[in-house]
Amino acid sequence: MLLSEDVYIIGSGETKFGELWERSLRELAVEAGLRAIESAGIYSKDVQLLYGSNSLGGTINSQNDIGSLIADFSGIASNHIPAIRIEASSASGAAAVREAYLGIKSGEYDCVMVGAVEKMTDLYGTEMLDHMGTLLDREWEAFFGGTPAAMAALSARKYMLDFKVPKEKLLSISVNDHNNASMNPDAQYRNKITMEAAMESTMVAEPLNMMDCSPMSDGAAALVLCSGSFMRKRKLEGVKIMSSAISQDFLALHSRRSIYTMDSTVLAARTAFEKAGLKQKDISFAEIHNSYSIYGMTALEDLGFAEKGRARDVIDAGIGLADPLPINPSGGLKAKGNPIGAVGVGQFVEAVSQISGKAGQRQVKDARIGLLHNVAGTGSTSIVHIVGGA
Amino acid sequence: MGKLSAVWRETNHRYRLVAHQCGNCKKMYFPPRDICPDCHRESIGKMKEKQLSGNGRIESFTIVHDAPSAFARQRPYVLALVKLDEGPILTAQIVDSDFSELEAGKKVRAVFRKIREDGKGGIIQYGYKFVLE
Ligand SMILES: [Zn+2]
């Protein structure tokens with residue numbers, strides 16, 4: 001077998017995340033895409049393949065075929081390159097990056113673009129919540145009153161009971177997110193929050209309140225990926241994708257082996273570390289999928305940073321920018337925001353900023369290797385990427 | 001008619017709590033499935049309908065305040081993971097009980113109730129909920 005090409009991220013860009021009522025789905029996608037192309041120092045005609053990432057366009061915005069939409073309004077329709085959408089619920093973003101990575105690894109493509117977008121605030125809260133049910137098993141969870149927050153709450157209550165973990169531990173990830181987001185101009189919530197205020201916020205699904213839950217967000221993020229040989233030929237610089245791994249599990253929470261271990265994350269992480277030839281201690285920072293605070297806790301365990309039930313030890317040792325394991329320097333899903341089909345690509349944008357030393361105030365010192373963790377719904381798919389290392 | 005047929009399709013399982021049992025390994029599945037995830041092709045054509053007792057225990061529960069529109073009138077409501085005596089875990093509401101009495105491990109049994117109301121004048125759908133034993 002021929003040695004496959006290394007894959008690099010040579011361009012990245014994103015829009016602000018938030019309630020962007022004045023911006024449309026296509027405007028957001030184009031803005032992020034242009035930034036990525038510009039930062040890559042290539043021309044759009046260099047792009048040989050485009051993967052659009054989006055989760056709820058068909059239901060919220062009544063728009064499917066997002067791949068063609070992005071290609072069209074980015075002005076590259078007449079290049080006639082393949083442009084299709086990758087969908088894996090809230091893991092769509094990392095799924096699209098992974099497909100792009102595989103396209104280059106296969107030798108078929110040299111330069112691939114990923115454009116990710118979600119436009120959630122075209123609907124009001126309750127209507128939006130109806131659509132969020134599509135992230136679950138519609139017939140056997142959402143039908144009976146299940147919402148993503150309620151399913152996370154079911155995991156949280158049992159986790160807190162079995163491991164005697166107080167609610168404050170879960171919320172410390174949210175507090176940390178807001179702290180980091182205050183230094184991120186692209187973040188949805190740039191206010192810092194105190195533990196007291198977080199504890200007292202409005203109940204969503206007990207024991208989870210608003211500060212345990214990521215918001216509804218609009219936003220887009222884009223990347224340009226290329227092969228090592230393309231990068232060298234063009235004399236460009238990039239951040240290497242050291243490994244990419246994905247794993248899948250039962251769709252509904254009630255069918256899984258455990259309600260507070262995401263086996264999909266355990267397996268994806270194991271493979272990602274193996275393929276990169278690294279250990280947890282080698283990671284400089286991690287962007288984890290804390291759509292709900294409990295998933296932040298279980299991610300720390302399932303990614304191998306702590307034993308089951310002991311995520312609190314990682315938190316106690318410190319997860320801030322200057323601590324042993326900086327978590328979500330971007331502000332994470334809670335505070336940077338959670339445009340679900342774009343959030344996984346947003347994590348890469350942060351990783352590139354960190355590794356190239358351009359993260360400004362929120363720069364993690366010696367940020368060499370980042371771990372990125374993107375999850376579909378309650379854990380039906382997990383994708384782990386390890387980037388950097390040059 | 002599309003929407004009504006979608007309701008009707010799962011009626012038997014939702015109304016009567018009918019599971020599927022794998023004819024190969026005897027494991028019970030609810031929600032029902034046509035292929036046993038342990039036995040794969042050995043199970044094809046051998047998944048048999050099996051009546052569940054409707055008895056189980058609370059695995060975990062939550063009180064839902066932020067509810068989708070079809071549940072707006074039931075808010076706040078209790079959603080639980082119930083581990084049935086026959087093995088499977090399912091997602092269902094617990095009704096007619098004081099929130100303060102709820103606890104993981106407590107016994108519950110299935111009752112037949114209205115589940116949701118889709119829109120004004122929309123279809124009302126029925127199925128199982130649980131009450132404390
Ligand atoms: Zn079987």
# chains A, B, ... in the order shown; residues from 1 in each chain; ligands from 1
>>> residues_near_ligand(ligand="ligand 1", cutoff="9 Å", atoms="only C-alpha atoms and all ligand atoms", output="short mmCIF file (atom, residue, chain, number, x, y, z; two decimals) with C-alpha atoms, in the first residue's frame")
data_model
loop_
_atom_site.label_atom_id
_atom_site.label_comp_id
_atom_site.auth_asym_id
_atom_site.auth_seq_id
_atom_site.Cartn_x
_atom_site.Cartn_y
_atom_site.Cartn_z
CA GLN B 21 -37.99 -11.36 22.14
CA CYS B 22 -35.06 -12.77 20.24
CA GLY B 23 -35.77 -16.39 19.39
CA ASN B 24 -32.06 -17.11 19.40
CA CYS B 25 -30.76 -15.63 22.70
CA LYS B 26 -34.15 -14.95 24.37
CA LYS B 27 -33.24 -11.35 25.15
CA MET B 28 -36.22 -8.95 25.31
CA ILE B 35 -32.88 -7.68 14.37
CA CYS B 36 -31.22 -8.66 17.66
CA PRO B 37 -28.06 -6.54 18.09
CA ASP B 38 -26.33 -9.53 19.73
CA CYS B 39 -27.36 -12.28 17.29
CA HIS B 40 -27.59 -10.33 14.01
CA GLU B 42 -29.26 -15.56 13.44
CA SER B 43 -32.19 -13.55 14.79
CA LYS B 46 -37.07 -15.16 14.93
CA MET B 47 -38.08 -11.99 16.78
#
>>> interface_residues(of="chain A", to="chain B", cutoff="8 Å", atoms="only C-alpha atoms", output="VMD selection string")
chain A and resid 126 to 127 129 to 130 140 to 141 143 to 147 150 153 to 155 157 to 158 203 to 207 254 to 255
>>> atom_distance(atom1="atom CA of Asp46 of chain A", atom2="atom CA of Ala276 of chain A")
28.5 Å
>>> closest_residue(among="A:Glu27, A:Glu168, A:Glu139, A:Asp218", to="Gly341 of chain A", atoms="only C-alpha atoms")
A:Asp218
>>> atom_distance(atom1="atom CA of Ser53 of chain B", atom2="atom CA of Tyr260 of chain A")
27.0 Å
>>> select_by_dssp(residues="segment 246-363 of chain A", states="strand (DSSP E or B)", output="PyMOL selection string")
chain A and resi 246-248+285-287+292+327
>>> write_last_selection(atoms="C-alpha atoms", output="CSV table (one decimal), in the first residue's frame")
chain,number,residue,atom,x,y,z
A,246,ILE,CA,-15.4,8.1,14.9
A,247,SER,CA,-17.6,5.7,16.7
A,248,GLN,CA,-21.3,5.1,16.9
A,285,PHE,CA,-6.0,21.9,25.4
A,286,ALA,CA,-9.3,20.2,24.6
A,287,GLU,CA,-12.5,21.5,23.1
A,292,TYR,CA,-25.1,20.1,28.5
A,327,ILE,CA,-10.9,23.0,28.6
>>> atom_distance(atom1="atom CA of Ser264 of chain A", atom2="atom CA of Ala142 of chain A")
21.4 Å
>>> residues_around(residues="Ile84 of chain A", least_positions_apart="4", cutoff="8 Å", atoms="only C-alpha atoms", output="number ranges by chain")
A: 50-52, 65-68
>>> write_last_selection(atoms="N, CA and C atoms", output="PDB file, in the first residue's frame")
ATOM      1  N   LEU A  50     -16.193  20.194  -1.952  1.00  0.00           N
ATOM      2  CA  LEU A  50     -16.733  20.948  -0.824  1.00  0.00           C
ATOM      3  C   LEU A  50     -17.720  20.088  -0.058  1.00  0.00           C
ATOM      4  N   TYR A  51     -17.525  20.024   1.258  1.00  0.00           N
ATOM      5  CA  TYR A  51     -18.527  19.377   2.102  1.00  0.00           C
ATOM      6  C   TYR A  51     -19.245  20.449   2.909  1.00  0.00           C
ATOM      7  N   GLY A  52     -20.546  20.493   2.749  1.00  0.00           N
ATOM      8  CA  GLY A  52     -21.362  21.382   3.566  1.00  0.00           C
ATOM      9  C   GLY A  52     -21.768  20.621   4.811  1.00  0.00           C
ATOM     10  N   ASP A  65     -30.104  20.428   0.628  1.00  0.00           N
ATOM     11  CA  ASP A  65     -29.051  20.583  -0.390  1.00  0.00           C
ATOM     12  C   ASP A  65     -28.122  21.750  -0.063  1.00  0.00           C
ATOM     13  N   ILE A  66     -27.697  21.789   1.203  1.00  0.00           N
ATOM     14  CA  ILE A  66     -26.877  22.894   1.697  1.00  0.00           C
ATOM     15  C   ILE A  66     -25.514  22.929   0.987  1.00  0.00           C
ATOM     16  N   GLY A  67     -25.030  21.788   0.538  1.00  0.00           N
ATOM     17  CA  GLY A  67     -23.752  21.751  -0.179  1.00  0.00           C
ATOM     18  C   GLY A  67     -23.809  22.619  -1.426  1.00  0.00           C
ATOM     19  N   SER A  68     -24.848  22.413  -2.214  1.00  0.00           N
ATOM     20  CA  SER A  68     -25.009  23.211  -3.437  1.00  0.00           C
ATOM     21  C   SER A  68     -25.233  24.673  -3.111  1.00  0.00           C
TER      22      SER A  68
END
>>> residues_around(residues="Glu274 of chain A", least_positions_apart="2", cutoff="12 Å", atoms="only C-alpha atoms", output="VMD selection string")
chain A and resid 242 to 245 267 to 272 276 to 280 384 to 386
>>> write_last_selection(atoms="N, CA, C and O atoms", output="tab-separated table (two decimals), in the first residue's frame")
chain	number	residue	atom	x	y	z
A	242	MET	N	-3.57	15.13	13.16
A	242	MET	CA	-2.76	13.97	13.55
A	242	MET	C	-3.57	12.68	13.54
A	242	MET	O	-3.05	11.61	13.25
A	243	SER	N	-4.84	12.79	13.92
A	243	SER	CA	-5.70	11.61	13.83
A	243	SER	C	-7.16	12.02	13.84
A	243	SER	O	-7.53	13.10	14.31
A	244	SER	N	-7.97	11.13	13.27
A	244	SER	CA	-9.40	11.35	13.18
A	244	SER	C	-10.09	10.03	13.48
A	244	SER	O	-9.73	9.01	12.91
A	245	ALA	N	-11.03	10.03	14.42
A	245	ALA	CA	-11.70	8.76	14.76
A	245	ALA	C	-13.16	9.00	15.06
A	245	ALA	O	-13.55	10.04	15.61
A	267	LEU	N	-14.61	4.85	22.55
A	267	LEU	CA	-13.98	4.15	21.43
A	267	LEU	C	-13.30	5.12	20.46
A	267	LEU	O	-12.19	4.86	20.00
A	268	ALA	N	-13.96	6.24	20.17
A	268	ALA	CA	-13.36	7.21	19.25
A	268	ALA	C	-12.07	7.77	19.85
A	268	ALA	O	-11.06	7.93	19.16
A	269	ALA	N	-12.10	8.06	21.15
A	269	ALA	CA	-10.91	8.62	21.81
A	269	ALA	C	-9.76	7.63	21.79
A	269	ALA	O	-8.62	7.97	21.47
A	270	ARG	N	-10.09	6.38	22.12
A	270	ARG	CA	-9.04	5.34	22.15
A	270	ARG	C	-8.35	5.26	20.79
A	270	ARG	O	-7.12	5.27	20.69
A	271	THR	N	-9.15	5.22	19.73
A	271	THR	CA	-8.59	5.13	18.38
A	271	THR	C	-7.79	6.39	18.02
A	271	THR	O	-6.71	6.30	17.44
A	272	ALA	N	-8.34	7.55	18.38
A	272	ALA	CA	-7.66	8.81	18.03
A	272	ALA	C	-6.29	8.89	18.71
A	272	ALA	O	-5.30	9.29	18.07
A	276	ALA	N	-2.64	8.69	16.72
A	276	ALA	CA	-1.72	9.81	16.83
A	276	ALA	C	-0.45	9.42	17.58
A	276	ALA	O	0.53	10.16	17.58
A	277	GLY	N	-0.47	8.24	18.21
A	277	GLY	CA	0.67	7.81	19.00
A	277	GLY	C	0.88	8.69	20.23
A	277	GLY	O	2.02	8.97	20.62
A	278	LEU	N	-0.22	9.14	20.82
A	278	LEU	CA	-0.12	10.07	21.94
A	278	LEU	C	-0.89	9.54	23.15
A	278	LEU	O	-1.68	8.60	23.05
A	279	LYS	N	-0.63	10.19	24.29
A	279	LYS	CA	-1.36	9.89	25.52
A	279	LYS	C	-2.07	11.17	25.97
A	279	LYS	O	-1.71	12.27	25.52
A	280	GLN	N	-2.99	11.00	26.90
A	280	GLN	CA	-3.77	12.14	27.39
A	280	GLN	C	-2.87	13.26	27.89
A	280	GLN	O	-3.17	14.45	27.73
A	384	VAL	N	-13.61	12.22	17.43
A	384	VAL	CA	-12.47	12.83	18.12
A	384	VAL	C	-11.36	13.08	17.10
A	384	VAL	O	-11.00	12.18	16.32
A	385	HIS	N	-10.87	14.30	17.09
A	385	HIS	CA	-9.71	14.65	16.27
A	385	HIS	C	-8.59	15.13	17.18
A	385	HIS	O	-8.85	15.79	18.19
A	386	ILE	N	-7.36	14.80	16.81
A	386	ILE	CA	-6.20	15.36	17.49
A	386	ILE	C	-5.40	16.13	16.45
A	386	ILE	O	-5.12	15.60	15.36
>>> closest_residue(among="B:Gly45, B:Gly54, B:His13, B:Gly122", to="Glu86 of chain B", atoms="only C-alpha atoms")
B:Gly54
>>> select_by_dssp(residues="segment 2-127 of chain B", states="helix (DSSP H, G or I)", output="list in words")
Gly2, Lys3, Leu4, Ser5, Ala6, Val7, Trp8, Arg9, Thr11, Asn12, His13, Arg14, Tyr15, Arg16, His40, Arg41, Glu42, Ser43, Ser69, Ala70, Phe71, Ala72, Arg73, Gln74, Phe99, Ser100 and Glu101 of chain B
>>> write_last_selection(atoms="N, CA and C atoms", output="PDB file, in the first residue's frame")
ATOM      1  N   GLY B   2     -50.910  10.684   5.839  1.00  0.00           N
ATOM      2  CA  GLY B   2     -49.538  10.299   6.198  1.00  0.00           C
ATOM      3  C   GLY B   2     -49.310  10.321   7.682  1.00  0.00           C
ATOM      4  N   LYS B   3     -49.767  11.385   8.325  1.00  0.00           N
ATOM      5  CA  LYS B   3     -49.503  11.557   9.735  1.00  0.00           C
ATOM      6  C   LYS B   3     -50.249  10.511  10.556  1.00  0.00           C
ATOM      7  N   LEU B   4     -51.505  10.263  10.192  1.00  0.00           N
ATOM      8  CA  LEU B   4     -52.301   9.276  10.930  1.00  0.00           C
ATOM      9  C   LEU B   4     -51.707   7.883  10.808  1.00  0.00           C
ATOM     10  N   SER B   5     -51.232   7.541   9.638  1.00  0.00           N
ATOM     11  CA  SER B   5     -50.680   6.194   9.475  1.00  0.00           C
ATOM     12  C   SER B   5     -49.407   6.032  10.290  1.00  0.00           C
ATOM     13  N   ALA B   6     -48.683   7.138  10.489  1.00  0.00           N
ATOM     14  CA  ALA B   6     -47.475   7.076  11.320  1.00  0.00           C
ATOM     15  C   ALA B   6     -47.859   6.786  12.767  1.00  0.00           C
ATOM     16  N   VAL B   7     -48.983   7.321  13.209  1.00  0.00           N
ATOM     17  CA  VAL B   7     -49.461   7.062  14.568  1.00  0.00           C
ATOM     18  C   VAL B   7     -49.896   5.613  14.690  1.00  0.00           C
ATOM     19  N   TRP B   8     -50.669   5.170  13.711  1.00  0.00           N
ATOM     20  CA  TRP B   8     -51.282   3.852  13.747  1.00  0.00           C
ATOM     21  C   TRP B   8     -50.241   2.732  13.738  1.00  0.00           C
ATOM     22  N   ARG B   9     -49.138   2.959  12.982  1.00  0.00           N
ATOM     23  CA  ARG B   9     -48.112   1.936  12.834  1.00  0.00           C
ATOM     24  C   ARG B   9     -47.591   1.388  14.155  1.00  0.00           C
ATOM     25  N   THR B  11     -49.090   1.609  17.090  1.00  0.00           N
ATOM     26  CA  THR B  11     -50.166   1.552  18.071  1.00  0.00           C
ATOM     27  C   THR B  11     -50.109   0.324  18.969  1.00  0.00           C
ATOM     28  N   ASN B  12     -49.945  -0.832  18.395  1.00  0.00           N
ATOM     29  CA  ASN B  12     -49.949  -2.073  19.171  1.00  0.00           C
ATOM     30  C   ASN B  12     -48.916  -2.038  20.284  1.00  0.00           C
ATOM     31  N   HIS B  13     -47.710  -1.594  19.929  1.00  0.00           N
ATOM     32  CA  HIS B  13     -46.632  -1.572  20.925  1.00  0.00           C
ATOM     33  C   HIS B  13     -46.861  -0.509  21.982  1.00  0.00           C
ATOM     34  N   ARG B  14     -47.385   0.632  21.545  1.00  0.00           N
ATOM     35  CA  ARG B  14     -47.603   1.725  22.499  1.00  0.00           C
ATOM     36  C   ARG B  14     -48.816   1.472  23.377  1.00  0.00           C
ATOM     37  N   TYR B  15     -49.840   0.849  22.833  1.00  0.00           N
ATOM     38  CA  TYR B  15     -51.066   0.625  23.607  1.00  0.00           C
ATOM     39  C   TYR B  15     -50.903  -0.537  24.575  1.00  0.00           C
ATOM     40  N   ARG B  16     -50.262  -1.571  24.131  1.00  0.00           N
ATOM     41  CA  ARG B  16     -50.266  -2.796  24.939  1.00  0.00           C
ATOM     42  C   ARG B  16     -48.876  -3.172  25.483  1.00  0.00           C
ATOM     43  N   HIS B  40     -27.620 -10.746  15.414  1.00  0.00           N
ATOM     44  CA  HIS B  40     -27.588 -10.332  14.008  1.00  0.00           C
ATOM     45  C   HIS B  40     -28.393 -11.281  13.115  1.00  0.00           C
ATOM     46  N   ARG B  41     -27.752 -11.897  12.107  1.00  0.00           N
ATOM     47  CA  ARG B  41     -28.557 -12.645  11.126  1.00  0.00           C
ATOM     48  C   ARG B  41     -29.198 -13.893  11.710  1.00  0.00           C
ATOM     49  N   GLU B  42     -28.632 -14.389  12.813  1.00  0.00           N
ATOM     50  CA  GLU B  42     -29.256 -15.562  13.445  1.00  0.00           C
ATOM     51  C   GLU B  42     -30.644 -15.235  13.991  1.00  0.00           C
ATOM     52  N   SER B  43     -30.906 -13.933  14.185  1.00  0.00           N
ATOM     53  CA  SER B  43     -32.191 -13.550  14.787  1.00  0.00           C
ATOM     54  C   SER B  43     -33.255 -13.225  13.750  1.00  0.00           C
ATOM     55  N   SER B  69     -44.126  22.060  22.264  1.00  0.00           N
ATOM     56  CA  SER B  69     -45.502  22.567  22.214  1.00  0.00           C
ATOM     57  C   SER B  69     -46.547  21.485  22.465  1.00  0.00           C
ATOM     58  N   ALA B  70     -46.287  20.248  22.023  1.00  0.00           N
ATOM     59  CA  ALA B  70     -47.267  19.176  22.207  1.00  0.00           C
ATOM     60  C   ALA B  70     -47.454  18.819  23.689  1.00  0.00           C
ATOM     61  N   PHE B  71     -46.553  19.314  24.552  1.00  0.00           N
ATOM     62  CA  PHE B  71     -46.617  18.994  25.983  1.00  0.00           C
ATOM     63  C   PHE B  71     -46.814  20.241  26.839  1.00  0.00           C
ATOM     64  N   ALA B  72     -47.071  21.374  26.169  1.00  0.00           N
ATOM     65  CA  ALA B  72     -47.137  22.656  26.879  1.00  0.00           C
ATOM     66  C   ALA B  72     -48.143  22.593  28.030  1.00  0.00           C
ATOM     67  N   ARG B  73     -49.281  21.912  27.818  1.00  0.00           N
ATOM     68  CA  ARG B  73     -50.327  21.899  28.844  1.00  0.00           C
ATOM     69  C   ARG B  73     -50.035  20.945  29.997  1.00  0.00           C
ATOM     70  N   GLN B  74     -49.015  20.107  29.842  1.00  0.00           N
ATOM     71  CA  GLN B  74     -48.667  19.166  30.911  1.00  0.00           C
ATOM     72  C   GLN B  74     -47.527  19.687  31.780  1.00  0.00           C
ATOM     73  N   PHE B  99     -43.884  15.058  43.236  1.00  0.00           N
ATOM     74  CA  PHE B  99     -42.488  15.088  42.798  1.00  0.00           C
ATOM     75  C   PHE B  99     -41.563  14.625  43.925  1.00  0.00           C
ATOM     76  N   SER B 100     -41.951  14.957  45.165  1.00  0.00           N
ATOM     77  CA  SER B 100     -41.078  14.645  46.305  1.00  0.00           C
ATOM     78  C   SER B 100     -40.993  13.143  46.589  1.00  0.00           C
ATOM     79  N   GLU B 101     -41.950  12.381  46.046  1.00  0.00           N
ATOM     80  CA  GLU B 101     -41.929  10.926  46.290  1.00  0.00           C
ATOM     81  C   GLU B 101     -41.048  10.183  45.286  1.00  0.00           C
TER      82      GLU B 101
END
>>> residues_around(residues="Asp316 of chain A", least_positions_apart="6", cutoff="12 Å", atoms="only C-alpha atoms", output="list in words")
Glu168, Lys169, Leu170, Ser172, Ile173, Ala306, Arg310, Asp323, Pro324 and Leu325 of chain A
>>> write_last_selection(atoms="N, CA, C and O atoms", output="PDB file, in the first residue's frame")
ATOM      1  N   GLU A 168     -22.568  21.779  41.731  1.00  0.00           N
ATOM      2  CA  GLU A 168     -21.547  22.793  41.462  1.00  0.00           C
ATOM      3  C   GLU A 168     -20.449  22.272  40.532  1.00  0.00           C
ATOM      4  O   GLU A 168     -19.907  23.021  39.730  1.00  0.00           O
ATOM      5  N   LYS A 169     -20.129  20.992  40.671  1.00  0.00           N
ATOM      6  CA  LYS A 169     -19.046  20.440  39.829  1.00  0.00           C
ATOM      7  C   LYS A 169     -19.445  20.501  38.364  1.00  0.00           C
ATOM      8  O   LYS A 169     -18.626  20.810  37.498  1.00  0.00           O
ATOM      9  N   LEU A 170     -20.718  20.161  38.087  1.00  0.00           N
ATOM     10  CA  LEU A 170     -21.178  20.210  36.699  1.00  0.00           C
ATOM     11  C   LEU A 170     -21.093  21.644  36.174  1.00  0.00           C
ATOM     12  O   LEU A 170     -20.647  21.892  35.058  1.00  0.00           O
ATOM     13  N   SER A 172     -19.205  23.998  37.071  1.00  0.00           N
ATOM     14  CA  SER A 172     -17.885  24.656  36.941  1.00  0.00           C
ATOM     15  C   SER A 172     -17.413  24.674  35.494  1.00  0.00           C
ATOM     16  O   SER A 172     -16.642  25.559  35.108  1.00  0.00           O
ATOM     17  N   ILE A 173     -17.865  23.715  34.695  1.00  0.00           N
ATOM     18  CA  ILE A 173     -17.489  23.740  33.279  1.00  0.00           C
ATOM     19  C   ILE A 173     -18.163  24.927  32.577  1.00  0.00           C
ATOM     20  O   ILE A 173     -17.554  25.611  31.761  1.00  0.00           O
ATOM     21  N   ALA A 306      -9.946  11.102  33.062  1.00  0.00           N
ATOM     22  CA  ALA A 306     -10.286  10.705  34.435  1.00  0.00           C
ATOM     23  C   ALA A 306     -10.977   9.358  34.413  1.00  0.00           C
ATOM     24  O   ALA A 306     -11.529   8.952  33.394  1.00  0.00           O
ATOM     25  N   ARG A 310     -14.911  10.333  38.207  1.00  0.00           N
ATOM     26  CA  ARG A 310     -13.874  11.190  38.811  1.00  0.00           C
ATOM     27  C   ARG A 310     -13.534  12.425  37.979  1.00  0.00           C
ATOM     28  O   ARG A 310     -12.455  13.009  38.148  1.00  0.00           O
ATOM     29  N   ASP A 323      -4.184  26.363  33.522  1.00  0.00           N
ATOM     30  CA  ASP A 323      -4.236  25.176  34.386  1.00  0.00           C
ATOM     31  C   ASP A 323      -3.692  23.944  33.665  1.00  0.00           C
ATOM     32  O   ASP A 323      -3.398  23.994  32.468  1.00  0.00           O
ATOM     33  N   PRO A 324      -3.604  22.815  34.404  1.00  0.00           N
ATOM     34  CA  PRO A 324      -3.039  21.596  33.795  1.00  0.00           C
ATOM     35  C   PRO A 324      -3.761  21.151  32.515  1.00  0.00           C
ATOM     36  O   PRO A 324      -3.118  20.743  31.556  1.00  0.00           O
ATOM     37  N   LEU A 325      -5.102  21.215  32.498  1.00  0.00           N
ATOM     38  CA  LEU A 325      -5.811  20.829  31.276  1.00  0.00           C
ATOM     39  C   LEU A 325      -6.828  21.907  30.891  1.00  0.00           C
ATOM     40  O   LEU A 325      -7.978  21.874  31.330  1.00  0.00           O
TER      41      LEU A 325
END
>>> closest_residue(among="B:Asp85, B:Glu49, B:Glu117, B:Asp98", to="Leu132 of chain B", atoms="only C-alpha atoms")
B:Asp98
>>> closest_residue(among="A:Asp186, A:Glu22, A:Glu38, A:Asp6", to="Leu102 of chain A", atoms="only C-alpha atoms")
A:Asp6
>>> residues_around(residues="His80 of chain A", least_positions_apart="3", cutoff="10 Å", atoms="only C-alpha atoms", output="VMD selection string")
chain A and resid 48 to 49 68 71 to 72 76 to 77 83
>>> write_last_selection(atoms="all heavy atoms", output="mmCIF file, in the first residue's frame")
data_model
loop_
_atom_site.group_PDB
_atom_site.id
_atom_site.type_symbol
_atom_site.label_atom_id
_atom_site.label_comp_id
_atom_site.auth_asym_id
_atom_site.auth_seq_id
_atom_site.Cartn_x
_atom_site.Cartn_y
_atom_site.Cartn_z
ATOM 1 N N GLN A 48 -11.182 21.488 -4.720
ATOM 2 C CA GLN A 48 -11.629 20.399 -5.606
ATOM 3 C C GLN A 48 -12.883 19.693 -5.113
ATOM 4 O O GLN A 48 -13.479 18.882 -5.825
ATOM 5 C CB GLN A 48 -10.503 19.349 -5.720
ATOM 6 C CG GLN A 48 -9.219 19.916 -6.292
ATOM 7 C CD GLN A 48 -8.034 19.028 -5.973
ATOM 8 O OE1 GLN A 48 -7.961 18.443 -4.895
ATOM 9 N NE2 GLN A 48 -7.115 18.900 -6.912
ATOM 10 N N LEU A 49 -13.238 19.946 -3.874
ATOM 11 C CA LEU A 49 -14.386 19.261 -3.264
ATOM 12 C C LEU A 49 -14.866 20.117 -2.109
ATOM 13 O O LEU A 49 -14.050 20.689 -1.391
ATOM 14 C CB LEU A 49 -13.933 17.883 -2.760
ATOM 15 C CG LEU A 49 -14.814 17.105 -1.770
ATOM 16 C CD1 LEU A 49 -16.113 16.665 -2.428
ATOM 17 C CD2 LEU A 49 -14.075 15.882 -1.235
ATOM 18 N N SER A 68 -24.848 22.413 -2.214
ATOM 19 C CA SER A 68 -25.009 23.211 -3.437
ATOM 20 C C SER A 68 -25.233 24.673 -3.111
ATOM 21 O O SER A 68 -24.710 25.567 -3.785
ATOM 22 C CB SER A 68 -26.205 22.701 -4.252
ATOM 23 O OG SER A 68 -25.994 21.369 -4.627
ATOM 24 N N ALA A 71 -21.857 26.252 -2.252
ATOM 25 C CA ALA A 71 -21.028 26.377 -3.456
ATOM 26 C C ALA A 71 -21.560 27.509 -4.339
ATOM 27 O O ALA A 71 -20.812 28.373 -4.797
ATOM 28 C CB ALA A 71 -21.013 25.061 -4.219
ATOM 29 N N ASP A 72 -22.873 27.506 -4.527
ATOM 30 C CA ASP A 72 -23.523 28.490 -5.391
ATOM 31 C C ASP A 72 -23.225 29.914 -4.928
ATOM 32 O O ASP A 72 -22.689 30.736 -5.673
ATOM 33 C CB ASP A 72 -25.031 28.205 -5.389
ATOM 34 C CG ASP A 72 -25.804 29.082 -6.358
ATOM 35 O OD1 ASP A 72 -25.228 30.062 -6.880
ATOM 36 O OD2 ASP A 72 -27.001 28.789 -6.585
ATOM 37 N N ILE A 76 -18.800 29.590 -6.647
ATOM 38 C CA ILE A 76 -17.993 28.556 -7.296
ATOM 39 C C ILE A 76 -18.844 27.498 -7.999
ATOM 40 O O ILE A 76 -18.345 26.443 -8.376
ATOM 41 C CB ILE A 76 -17.008 27.868 -6.310
ATOM 42 C CG1 ILE A 76 -17.747 27.233 -5.127
ATOM 43 C CG2 ILE A 76 -15.974 28.869 -5.803
ATOM 44 C CD1 ILE A 76 -16.852 26.340 -4.268
ATOM 45 N N ALA A 77 -20.146 27.797 -8.191
ATOM 46 C CA ALA A 77 -21.018 26.818 -8.852
ATOM 47 C C ALA A 77 -20.475 26.445 -10.228
ATOM 48 O O ALA A 77 -20.523 25.278 -10.635
ATOM 49 C CB ALA A 77 -22.435 27.357 -8.963
ATOM 50 N N ALA A 83 -20.206 19.032 -4.332
ATOM 51 C CA ALA A 83 -20.536 19.825 -3.143
ATOM 52 C C ALA A 83 -21.755 19.204 -2.485
ATOM 53 O O ALA A 83 -22.882 19.429 -2.927
ATOM 54 C CB ALA A 83 -20.821 21.271 -3.537
#
>>> residues_around(residues="Gly346 of chain A", least_positions_apart="3", cutoff="12 Å", atoms="only C-alpha atoms", output="number ranges by chain")
A: 12-17, 32, 36, 53, 91-94, 97, 114-118, 186-187, 218-223, 287-289, 328-333, 336-343, 349-353, 372-374
